[in-house]
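> Here you go, this is run.pdb (PDB, C-alpha atoms and all ligand atoms).
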```pdb
ATOM      1  CA  MET C   1      -9.422  -2.943  19.021  1.00  0.00           C
ATOM      2  CA  ASN C   2     -12.740  -1.365  19.966  1.00  0.00           C
ATOM      3  CA  GLN C   3     -14.545   0.926  17.517  1.00  0.00           C
ATOM      4  CA  VAL C   4     -13.877   4.191  19.405  1.00  0.00           C
ATOM      5  CA  LYS C   5     -10.156   3.469  19.662  1.00  0.00           C
ATOM      6  CA  PHE C   6     -10.063   2.539  15.970  1.00  0.00           C
ATOM      7  CA  LEU C   7     -11.789   5.798  14.953  1.00  0.00           C
ATOM      8  CA  MET C   8      -9.532   7.921  17.194  1.00  0.00           C
ATOM      9  CA  LEU C   9      -6.434   6.314  15.722  1.00  0.00           C
ATOM     10  CA  ALA C  10      -7.734   6.824  12.178  1.00  0.00           C
ATOM     11  CA  ALA C  11      -8.458  10.504  12.972  1.00  0.00           C
ATOM     12  CA  PHE C  12      -4.945  10.982  14.349  1.00  0.00           C
ATOM     13  CA  ARG C  13      -3.424   9.454  11.219  1.00  0.00           C
ATOM     14  CA  ARG C  14      -5.655  11.666   9.057  1.00  0.00           C
ATOM     15  CA  TYR C  15      -4.298  14.826  10.695  1.00  0.00           C
ATOM     16  CA  LEU C  16      -0.725  13.615  10.399  1.00  0.00           C
ATOM     17  CA  MET C  17      -1.164  12.830   6.713  1.00  0.00           C
ATOM     18  CA  LEU C  18      -3.227  15.914   5.907  1.00  0.00           C
ATOM     19  CA  PHE C  19      -0.657  18.321   7.281  1.00  0.00           C
ATOM     20  CA  GLY C  20       2.515  16.283   6.929  1.00  0.00           C
ATOM     21  CA  MET C  21       2.007  15.253   3.330  1.00  0.00           C
ATOM     22  CA  SER C  22       1.322  18.764   2.064  1.00  0.00           C
ATOM     23  CA  LEU C  23       3.621  20.860   4.269  1.00  0.00           C
ATOM     24  CA  LEU C  24       6.783  18.845   4.790  1.00  0.00           C
ATOM     25  CA  PRO C  25       9.345  19.929   2.189  1.00  0.00           C
ATOM     26  CA  PHE C  26      11.253  16.686   1.611  1.00  0.00           C
ATOM     27  CA  SER C  27      10.085  13.300   0.433  1.00  0.00           C
ATOM     28  CA  VAL C  28      12.072  11.529   3.141  1.00  0.00           C
ATOM     29  CA  MET C  29       9.944  13.320   5.760  1.00  0.00           C
ATOM     30  CA  ARG C  30       6.719  12.368   4.008  1.00  0.00           C
ATOM     31  CA  VAL C  31       7.891   8.754   3.865  1.00  0.00           C
ATOM     32  CA  GLY C  32       8.518   9.018   7.623  1.00  0.00           C
ATOM     33  CA  ILE C  33       4.926  10.142   8.170  1.00  0.00           C
ATOM     34  CA  LEU C  34       3.592   7.241   6.104  1.00  0.00           C
ATOM     35  CA  ARG C  35       5.657   4.737   8.083  1.00  0.00           C
ATOM     36  CA  LEU C  36       4.560   6.323  11.354  1.00  0.00           C
ATOM     37  CA  CYS C  37       0.975   5.880  10.223  1.00  0.00           C
ATOM     38  CA  GLY C  38       1.531   2.176   9.504  1.00  0.00           C
ATOM     39  CA  VAL C  39       2.122   2.119   5.743  1.00  0.00           C
ATOM     40  CA  ARG C  40       4.954  -0.235   4.704  1.00  0.00           C
ATOM     41  CA  VAL C  41       7.418   1.711   2.579  1.00  0.00           C
ATOM     42  CA  GLY C  42      10.629   0.235   1.199  1.00  0.00           C
ATOM     43  CA  ARG C  43      14.023   1.839   0.606  1.00  0.00           C
ATOM     44  CA  GLY C  44      14.740   4.705  -1.766  1.00  0.00           C
ATOM     45  CA  CYS C  45      11.148   5.725  -2.440  1.00  0.00           C
ATOM     46  CA  TYR C  46       9.999   9.174  -3.520  1.00  0.00           C
ATOM     47  CA  VAL C  47       6.612  10.392  -2.288  1.00  0.00           C
ATOM     48  CA  GLY C  48       5.216  13.680  -3.632  1.00  0.00           C
ATOM     49  CA  PHE C  49       2.950  16.275  -2.018  1.00  0.00           C
ATOM     50  CA  ASN C  50      -0.662  15.621  -1.023  1.00  0.00           C
ATOM     51  CA  VAL C  51      -0.426  11.850  -1.308  1.00  0.00           C
ATOM     52  CA  ILE C  52      -3.227  10.232   0.654  1.00  0.00           C
ATOM     53  CA  CYS C  53      -3.024   6.656   1.900  1.00  0.00           C
ATOM     54  CA  ASP C  54      -5.947   4.867   3.496  1.00  0.00           C
ATOM     55  CA  THR C  55      -5.997   6.164   7.072  1.00  0.00           C
ATOM     56  CA  ASN C  56      -8.330   3.404   8.270  1.00  0.00           C
ATOM     57  CA  PHE C  57      -6.204   0.519   6.993  1.00  0.00           C
ATOM     58  CA  PRO C  58      -2.676   1.825   6.343  1.00  0.00           C
ATOM     59  CA  GLU C  59      -1.227  -1.597   7.170  1.00  0.00           C
ATOM     60  CA  LEU C  60      -2.823  -2.902   3.958  1.00  0.00           C
ATOM     61  CA  ILE C  61      -0.582  -0.677   1.833  1.00  0.00           C
ATOM     62  CA  HIS C  62       2.758  -2.187   0.896  1.00  0.00           C
ATOM     63  CA  ILE C  63       5.176  -0.107  -1.144  1.00  0.00           C
ATOM     64  CA  GLY C  64       8.363  -1.731  -2.458  1.00  0.00           C
ATOM     65  CA  ASN C  65      11.837  -0.256  -2.975  1.00  0.00           C
ATOM     66  CA  ASP C  66      12.656   2.659  -5.311  1.00  0.00           C
ATOM     67  CA  VAL C  67       9.002   3.423  -5.940  1.00  0.00           C
ATOM     68  CA  THR C  68       7.881   6.889  -7.085  1.00  0.00           C
ATOM     69  CA  ILE C  69       4.470   8.113  -5.980  1.00  0.00           C
ATOM     70  CA  SER C  70       3.918  11.496  -7.603  1.00  0.00           C
ATOM     71  CA  HIS C  71       1.884  14.390  -6.219  1.00  0.00           C
ATOM     72  CA  ASN C  72      -1.816  14.082  -5.357  1.00  0.00           C
ATOM     73  CA  CYS C  73      -2.114  10.300  -5.592  1.00  0.00           C
ATOM     74  CA  ILE C  74      -4.715   8.466  -3.510  1.00  0.00           C
ATOM     75  CA  LEU C  75      -4.304   4.868  -2.327  1.00  0.00           C
ATOM     76  CA  MET C  76      -7.527   3.420  -0.923  1.00  0.00           C
ATOM     77  CA  ALA C  77      -7.459  -0.076   0.582  1.00  0.00           C
ATOM     78  CA  HIS C  78     -11.106  -0.202   1.599  1.00  0.00           C
ATOM     79  CA  THR C  79     -14.593   0.497   0.342  1.00  0.00           C
ATOM     80  CA  GLY C  80     -16.975   1.283   3.167  1.00  0.00           C
ATOM     81  CA  THR C  81     -19.119   3.925   4.793  1.00  0.00           C
ATOM     82  CA  PRO C  82     -20.068   4.541   8.414  1.00  0.00           C
ATOM     83  CA  CYS C  83     -23.599   5.396   7.215  1.00  0.00           C
ATOM     84  CA  ASP C  84     -26.304   2.851   7.904  1.00  0.00           C
ATOM     85  CA  SER C  85     -27.422   2.309   4.317  1.00  0.00           C
ATOM     86  CA  PRO C  86     -28.119  -0.651   2.003  1.00  0.00           C
ATOM     87  CA  LEU C  87     -25.171   0.411  -0.156  1.00  0.00           C
ATOM     88  CA  GLY C  88     -22.936   0.348   2.885  1.00  0.00           C
ATOM     89  CA  LYS C  89     -23.911  -3.305   3.371  1.00  0.00           C
ATOM     90  CA  LEU C  90     -23.478  -4.113  -0.318  1.00  0.00           C
ATOM     91  CA  TYR C  91     -20.021  -2.576  -0.662  1.00  0.00           C
ATOM     92  CA  LYS C  92     -17.723  -3.608   2.134  1.00  0.00           C
ATOM     93  CA  VAL C  93     -14.221  -4.398   0.944  1.00  0.00           C
ATOM     94  CA  ARG C  94     -10.787  -4.414   2.524  1.00  0.00           C
ATOM     95  CA  ALA C  95      -7.913  -5.519   0.356  1.00  0.00           C
ATOM     96  CA  LYS C  96      -4.190  -5.055   0.198  1.00  0.00           C
ATOM     97  CA  ILE C  97      -2.610  -2.595  -2.238  1.00  0.00           C
ATOM     98  CA  GLU C  98       0.872  -3.588  -3.355  1.00  0.00           C
ATOM     99  CA  ILE C  99       3.330  -1.552  -5.385  1.00  0.00           C
ATOM    100  CA  GLY C 100       6.334  -3.432  -6.709  1.00  0.00           C
ATOM    101  CA  ASP C 101       9.952  -2.300  -6.781  1.00  0.00           C
ATOM    102  CA  GLY C 102      10.776   0.490  -9.197  1.00  0.00           C
ATOM    103  CA  ALA C 103       7.151   1.254 -10.097  1.00  0.00           C
ATOM    104  CA  TRP C 104       6.053   4.852 -10.711  1.00  0.00           C
ATOM    105  CA  ILE C 105       2.550   6.118 -10.009  1.00  0.00           C
ATOM    106  CA  GLY C 106       1.905   9.273 -12.058  1.00  0.00           C
ATOM    107  CA  ALA C 107       0.503  12.419 -10.470  1.00  0.00           C
ATOM    108  CA  GLY C 108      -3.149  12.446  -9.473  1.00  0.00           C
ATOM    109  CA  SER C 109      -3.695   8.708  -9.828  1.00  0.00           C
ATOM    110  CA  LEU C 110      -6.097   6.671  -7.731  1.00  0.00           C
ATOM    111  CA  LEU C 111      -5.405   3.070  -6.664  1.00  0.00           C
ATOM    112  CA  LEU C 112      -8.438   1.047  -5.616  1.00  0.00           C
ATOM    113  CA  PRO C 113      -8.577  -1.773  -3.024  1.00  0.00           C
ATOM    114  CA  GLY C 114      -6.805  -4.979  -3.982  1.00  0.00           C
ATOM    115  CA  VAL C 115      -4.683  -3.747  -6.854  1.00  0.00           C
ATOM    116  CA  ASN C 116      -1.101  -4.772  -7.357  1.00  0.00           C
ATOM    117  CA  VAL C 117       1.016  -2.410  -9.409  1.00  0.00           C
ATOM    118  CA  ALA C 118       3.772  -4.703 -10.615  1.00  0.00           C
ATOM    119  CA  SER C 119       7.443  -3.848 -10.400  1.00  0.00           C
ATOM    120  CA  HIS C 120       8.808  -1.338 -12.942  1.00  0.00           C
ATOM    121  CA  CYS C 121       5.309  -0.524 -14.110  1.00  0.00           C
ATOM    122  CA  MET C 122       4.542   3.107 -15.005  1.00  0.00           C
ATOM    123  CA  VAL C 123       1.040   4.333 -14.255  1.00  0.00           C
ATOM    124  CA  GLY C 124       0.258   7.444 -16.330  1.00  0.00           C
ATOM    125  CA  ALA C 125      -0.840  10.639 -14.618  1.00  0.00           C
ATOM    126  CA  GLY C 126      -4.510  10.833 -13.631  1.00  0.00           C
ATOM    127  CA  SER C 127      -5.177   7.111 -13.930  1.00  0.00           C
ATOM    128  CA  VAL C 128      -7.733   5.125 -11.970  1.00  0.00           C
ATOM    129  CA  VAL C 129      -6.186   1.726 -11.305  1.00  0.00           C
ATOM    130  CA  THR C 130      -8.988  -0.806 -10.915  1.00  0.00           C
ATOM    131  CA  LYS C 131      -7.035  -3.986 -11.763  1.00  0.00           C
ATOM    132  CA  SER C 132      -3.560  -5.289 -11.161  1.00  0.00           C
ATOM    133  CA  THR C 133      -0.942  -4.420 -13.743  1.00  0.00           C
ATOM    134  CA  ASP C 134       2.038  -6.285 -15.145  1.00  0.00           C
ATOM    135  CA  GLN C 135       5.764  -5.596 -14.945  1.00  0.00           C
ATOM    136  CA  HIS C 136       7.784  -3.326 -17.234  1.00  0.00           C
ATOM    137  CA  SER C 137       4.779  -1.788 -18.913  1.00  0.00           C
ATOM    138  CA  LEU C 138       2.885   1.491 -19.218  1.00  0.00           C
ATOM    139  CA  TRP C 139      -0.678   1.556 -17.955  1.00  0.00           C
ATOM    140  CA  ALA C 140      -2.865   4.648 -18.112  1.00  0.00           C
ATOM    141  CA  GLY C 141      -6.388   6.072 -18.179  1.00  0.00           C
ATOM    142  CA  ASN C 142      -9.687   5.637 -16.418  1.00  0.00           C
ATOM    143  CA  PRO C 143     -10.117   2.734 -16.135  1.00  0.00           C
ATOM    144  CA  CYS C 144      -6.384   2.127 -16.313  1.00  0.00           C
ATOM    145  CA  ARG C 145      -5.451  -0.085 -19.289  1.00  0.00           C
ATOM    146  CA  ARG C 146      -2.240  -1.537 -20.595  1.00  0.00           C
ATOM    147  CA  ILE C 147      -0.705   0.757 -23.211  1.00  0.00           C
ATOM    148  CA  LYS C 148       2.652  -0.810 -24.039  1.00  0.00           C
ATOM    149  CA  THR C 149       5.711  -2.715 -22.882  1.00  0.00           C
ATOM    150  CA  LEU C 150       8.517  -0.573 -21.491  1.00  0.00           C
ATOM    151  CA  THR C 151      12.145  -1.383 -22.052  1.00  0.00           C
ATOM    152  CA  THR C 152      14.106   0.048 -19.180  1.00  0.00           C
ATOM    153  CA  ASP C 153      17.191  -2.089 -19.714  1.00  0.00           C
ATOM    154  CA  LYS C 154      20.135   0.370 -20.031  1.00  0.00           C
ATOM    155  CA  SER C 155      21.939  -1.866 -22.535  1.00  0.00           C
ATOM    156  CA  SER C 156      19.141  -1.636 -25.120  1.00  0.00           C
TER     157      SER C 156
HETATM  158  C1  LIG N 201       3.022   8.112 -19.277  1.00  0.00           C
HETATM  159  C2  LIG N 201       3.848   9.293 -19.717  1.00  0.00           C
HETATM  160  C3  LIG N 201       5.215   9.256 -19.019  1.00  0.00           C
HETATM  161  C4  LIG N 201       4.058   9.257 -21.233  1.00  0.00           C
HETATM  162  O1  LIG N 201       4.766   8.094 -21.591  1.00  0.00           O
HETATM  163  P1  LIG N 201       5.136   7.822 -23.121  1.00  0.00           P
HETATM  164  O2  LIG N 201       5.861   6.525 -23.157  1.00  0.00           O
HETATM  165  O3  LIG N 201       5.834   9.011 -23.682  1.00  0.00           O
HETATM  166  O4  LIG N 201       3.728   7.608 -23.751  1.00  0.00           O
HETATM  167  P2  LIG N 201       3.059   8.394 -24.982  1.00  0.00           P
HETATM  168  O5  LIG N 201       2.974   9.845 -24.683  1.00  0.00           O
HETATM  169  O6  LIG N 201       3.769   7.949 -26.220  1.00  0.00           O
HETATM  170  O7  LIG N 201       1.583   7.822 -24.967  1.00  0.00           O
HETATM  171  C5  LIG N 201       1.242   6.508 -25.410  1.00  0.00           C
HETATM  172  C6  LIG N 201      -0.271   6.405 -25.371  1.00  0.00           C
HETATM  173  O8  LIG N 201      -0.698   6.458 -23.990  1.00  0.00           O
HETATM  174  C7  LIG N 201      -1.607   7.540 -23.795  1.00  0.00           C
HETATM  175  N1  LIG N 201      -1.304   8.144 -22.502  1.00  0.00           N
HETATM  176  C8  LIG N 201      -0.110   8.577 -22.064  1.00  0.00           C
HETATM  177  N2  LIG N 201      -0.220   9.059 -20.824  1.00  0.00           N
HETATM  178  C9  LIG N 201      -1.508   8.931 -20.468  1.00  0.00           C
HETATM  179  C10 LIG N 201      -2.242   9.265 -19.314  1.00  0.00           C
HETATM  180  N3  LIG N 201      -1.644   9.805 -18.251  1.00  0.00           N
HETATM  181  N4  LIG N 201      -3.560   8.977 -19.272  1.00  0.00           N
HETATM  182  C11 LIG N 201      -4.170   8.415 -20.352  1.00  0.00           C
HETATM  183  N5  LIG N 201      -3.517   8.073 -21.497  1.00  0.00           N
HETATM  184  C12 LIG N 201      -2.195   8.342 -21.546  1.00  0.00           C
HETATM  185  C13 LIG N 201      -1.335   8.507 -24.949  1.00  0.00           C
HETATM  186  O9  LIG N 201      -2.451   9.316 -25.218  1.00  0.00           O
HETATM  187  C14 LIG N 201      -1.010   7.559 -26.061  1.00  0.00           C
HETATM  188  O10 LIG N 201      -2.200   7.025 -26.580  1.00  0.00           O
HETATM  189  P3  LIG N 201      -2.357   6.749 -28.174  1.00  0.00           P
HETATM  190  O11 LIG N 201      -1.315   5.699 -28.491  1.00  0.00           O
HETATM  191  O12 LIG N 201      -3.761   6.261 -28.300  1.00  0.00           O
HETATM  192  O13 LIG N 201      -2.074   8.042 -28.835  1.00  0.00           O
HETATM  193  C15 LIG N 201       3.120  10.630 -19.403  1.00  0.00           C
HETATM  194  O14 LIG N 201       1.940  10.722 -20.161  1.00  0.00           O
HETATM  195  C16 LIG N 201       2.758  10.747 -17.930  1.00  0.00           C
HETATM  196  O15 LIG N 201       1.662  10.375 -17.498  1.00  0.00           O
HETATM  197  N6  LIG N 201       3.694  11.286 -17.148  1.00  0.00           N
HETATM  198  C17 LIG N 201       3.578  11.391 -15.689  1.00  0.00           C
HETATM  199  C18 LIG N 201       3.686  12.848 -15.248  1.00  0.00           C
HETATM  200  C19 LIG N 201       3.791  12.913 -13.757  1.00  0.00           C
HETATM  201  O16 LIG N 201       3.088  12.254 -13.046  1.00  0.00           O
HETATM  202  N7  LIG N 201       4.698  13.740 -13.285  1.00  0.00           N
HETATM  203  C20 LIG N 201       4.937  13.890 -11.855  1.00  0.00           C
HETATM  204  C21 LIG N 201       6.402  13.911 -11.553  1.00  0.00           C
HETATM  205  S1  LIG N 201       6.702  13.733  -9.797  1.00  0.00           S
END
```
Take the structure in the file and write it out as structure tokens.

Amino acid sequence: MNQVKFLMLAAFRRYLMLFGMSLLPFSVMRVGILRLCGVRVGRGCYVGFNVICDTNFPELIHIGNDVTISHNCILMAHTGTPCDSPLGKLYKVRAKIEIGDGAWIGAGSLLLPGVNVASHCMVGAGSVVTKSTDQHSLWAGNPCRRIKTLTTDKSS
């Protein structure tokens, strides 16, 4: 795809997400917008208001089944700038973000390129996830660290 087409498509997605994700009243509609924009979203997910997914590389975001993404989360699958600067050359990353089944991303959290939030992992509100997490555990903070194991088994 040429650069102009790529930028136009990204701009279109940005408008869809900007308005759709804050104005549409039901999660199912917001999930529809994400899918339309190219994000892979599984079954039974809840997506809150003002969630922003990478509009340049939405196809790099894979969300499993029964995942909760609370309000104001940001999922960024790339590091890059259109500015012609030495830093722009130094930091050029594109990497998949994966969120496993049953995971929950607390409100206002930020997921950086390449992280994998494992299934049934809770990410505390306001966290900055810089590394992949493990299953059935609570992670929180900036940078996001493992806090404890979570037992979600109903029989226990
Ligand atoms: C994670 C959460 C569920 C609390 O879980 P919990 O099992 O009750 O955990 P606790 O409150 O016992 O906290 C355990 C430790 O993690 C820390 N912690 C908990 N949440 C944290 C957060 N969001 N950021 C940083 N640290 C956090 C606590 O300070 C505590 O640290 P300490 O042991 O040093 O005192 C809650 O803090 C949270 O983030 N909820 C999400 C709210 C939200 O996003 N709502 C949107 C609904 S759509």
> Here's the selection I'm unsure about, the PyMOL selection byres (((chain C and resi 39-48) around 6) and not hetatm); applied to the file above, which residues does it give, as a list in words?
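Selection result, ordered by chain and number: Ser27, Leu34, Arg35, Cys37, Gly38, Phe49, Pro58, Glu59, Ile61, His62, Ile63, Gly64, Asn65, Asp66, Val67, Thr68, Ile69, Ser70 and His71 of chain C.
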> Go ahead and save the picked residues with C-alpha atoms, as a short mmCIF file (atom, residue, chain, number, x, y, z; two decimals), in the frame of the given file.

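Generated file (again_4.cif):
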```cif
data_model
loop_
_atom_site.label_atom_id
_atom_site.label_comp_id
_atom_site.auth_asym_id
_atom_site.auth_seq_id
_atom_site.Cartn_x
_atom_site.Cartn_y
_atom_site.Cartn_z
CA SER C 27 10.09 13.30 0.43
CA LEU C 34 3.59 7.24 6.10
CA ARG C 35 5.66 4.74 8.08
CA CYS C 37 0.98 5.88 10.22
CA GLY C 38 1.53 2.18 9.50
CA PHE C 49 2.95 16.27 -2.02
CA PRO C 58 -2.68 1.82 6.34
CA GLU C 59 -1.23 -1.60 7.17
CA ILE C 61 -0.58 -0.68 1.83
CA HIS C 62 2.76 -2.19 0.90
CA ILE C 63 5.18 -0.11 -1.14
CA GLY C 64 8.36 -1.73 -2.46
CA ASN C 65 11.84 -0.26 -2.98
CA ASP C 66 12.66 2.66 -5.31
CA VAL C 67 9.00 3.42 -5.94
CA THR C 68 7.88 6.89 -7.08
CA ILE C 69 4.47 8.11 -5.98
CA SER C 70 3.92 11.50 -7.60
CA HIS C 71 1.88 14.39 -6.22
#
```
> Would you work out the distance separating CA of Leu110 (chain C) from CA of Lys5 (chain C), expressed in Å to one decimal?
27.9 Å
> Could I get the residue neighbourhood of ligand LIG 201 (chain N) at 8 Å, counting all atoms listed in the file, as a PDB file with C-alpha atoms, in the frame of the given file?

```pdb
ATOM      1  CA  GLY C  48       5.216  13.680  -3.632  1.00  0.00           C
ATOM      2  CA  THR C  68       7.881   6.889  -7.085  1.00  0.00           C
ATOM      3  CA  ILE C  69       4.470   8.113  -5.980  1.00  0.00           C
ATOM      4  CA  SER C  70       3.918  11.496  -7.603  1.00  0.00           C
ATOM      5  CA  HIS C  71       1.884  14.390  -6.219  1.00  0.00           C
ATOM      6  CA  ILE C 105       2.550   6.118 -10.009  1.00  0.00           C
ATOM      7  CA  GLY C 106       1.905   9.273 -12.058  1.00  0.00           C
ATOM      8  CA  ALA C 107       0.503  12.419 -10.470  1.00  0.00           C
ATOM      9  CA  GLY C 108      -3.149  12.446  -9.473  1.00  0.00           C
ATOM     10  CA  MET C 122       4.542   3.107 -15.005  1.00  0.00           C
ATOM     11  CA  VAL C 123       1.040   4.333 -14.255  1.00  0.00           C
ATOM     12  CA  GLY C 124       0.258   7.444 -16.330  1.00  0.00           C
ATOM     13  CA  ALA C 125      -0.840  10.639 -14.618  1.00  0.00           C
ATOM     14  CA  GLY C 126      -4.510  10.833 -13.631  1.00  0.00           C
ATOM     15  CA  SER C 127      -5.177   7.111 -13.930  1.00  0.00           C
ATOM     16  CA  LEU C 138       2.885   1.491 -19.218  1.00  0.00           C
ATOM     17  CA  TRP C 139      -0.678   1.556 -17.955  1.00  0.00           C
ATOM     18  CA  ALA C 140      -2.865   4.648 -18.112  1.00  0.00           C
ATOM     19  CA  GLY C 141      -6.388   6.072 -18.179  1.00  0.00           C
ATOM     20  CA  ASN C 142      -9.687   5.637 -16.418  1.00  0.00           C
ATOM     21  CA  CYS C 144      -6.384   2.127 -16.313  1.00  0.00           C
ATOM     22  CA  ILE C 147      -0.705   0.757 -23.211  1.00  0.00           C
ATOM     23  CA  LYS C 148       2.652  -0.810 -24.039  1.00  0.00           C
ATOM     24  CA  LEU C 150       8.517  -0.573 -21.491  1.00  0.00           C
TER      25      LEU C 150
END
```
> Please list as a list in words every residue within 12 Å of Leu16 (chain C), counting all atoms listed in the file and excluding residues in the same chain fewer than 2 positions away.
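My reading of the contact set: Leu9, Ala10, Ala11, Phe12, Arg13, Arg14, Leu18, Phe19, Gly20, Met21, Ser22, Leu23, Leu24, Met29, Arg30, Val31, Gly32, Ile33, Leu34, Arg35, Leu36, Cys37, Gly38, Asn50, Val51, Ile52, Cys53 and Thr55 of chain C.
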> Figure out the distance between CA of Tyr91 (chain C) and CA of Met17 (chain C), please, to one decimal in Å.
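Computed distance, CA of Met17 (chain C) to CA of Tyr91 (chain C), equals 25.4 Å.
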> Quick one: residues within 8 Å of region 76-82 of chain C, all atoms listed in the file, excluding same-chain residues fewer than 6 positions away - as a ChimeraX atom specification?
/C:53-54,57-58,60-61,88,91-97,110-114
> So how many Å separate CA of Cys73 (chain C) and CA of Arg146 (chain C), to one decimal?
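Atom-to-atom, CA of Cys73 (chain C) to CA of Arg146 (chain C), that is 19.1 Å.
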> Can you work out which one of C:Ser109, C:Thr133, C:Asn56, C:Ser85 has the shortest atom-to-atom distance to Phe6 (chain C), counting only C-alpha atoms?
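Going through C:Ser109, C:Thr133, C:Asn56, C:Ser85 one by one, the smallest distance to Phe6 (chain C) is for C:Asn56.
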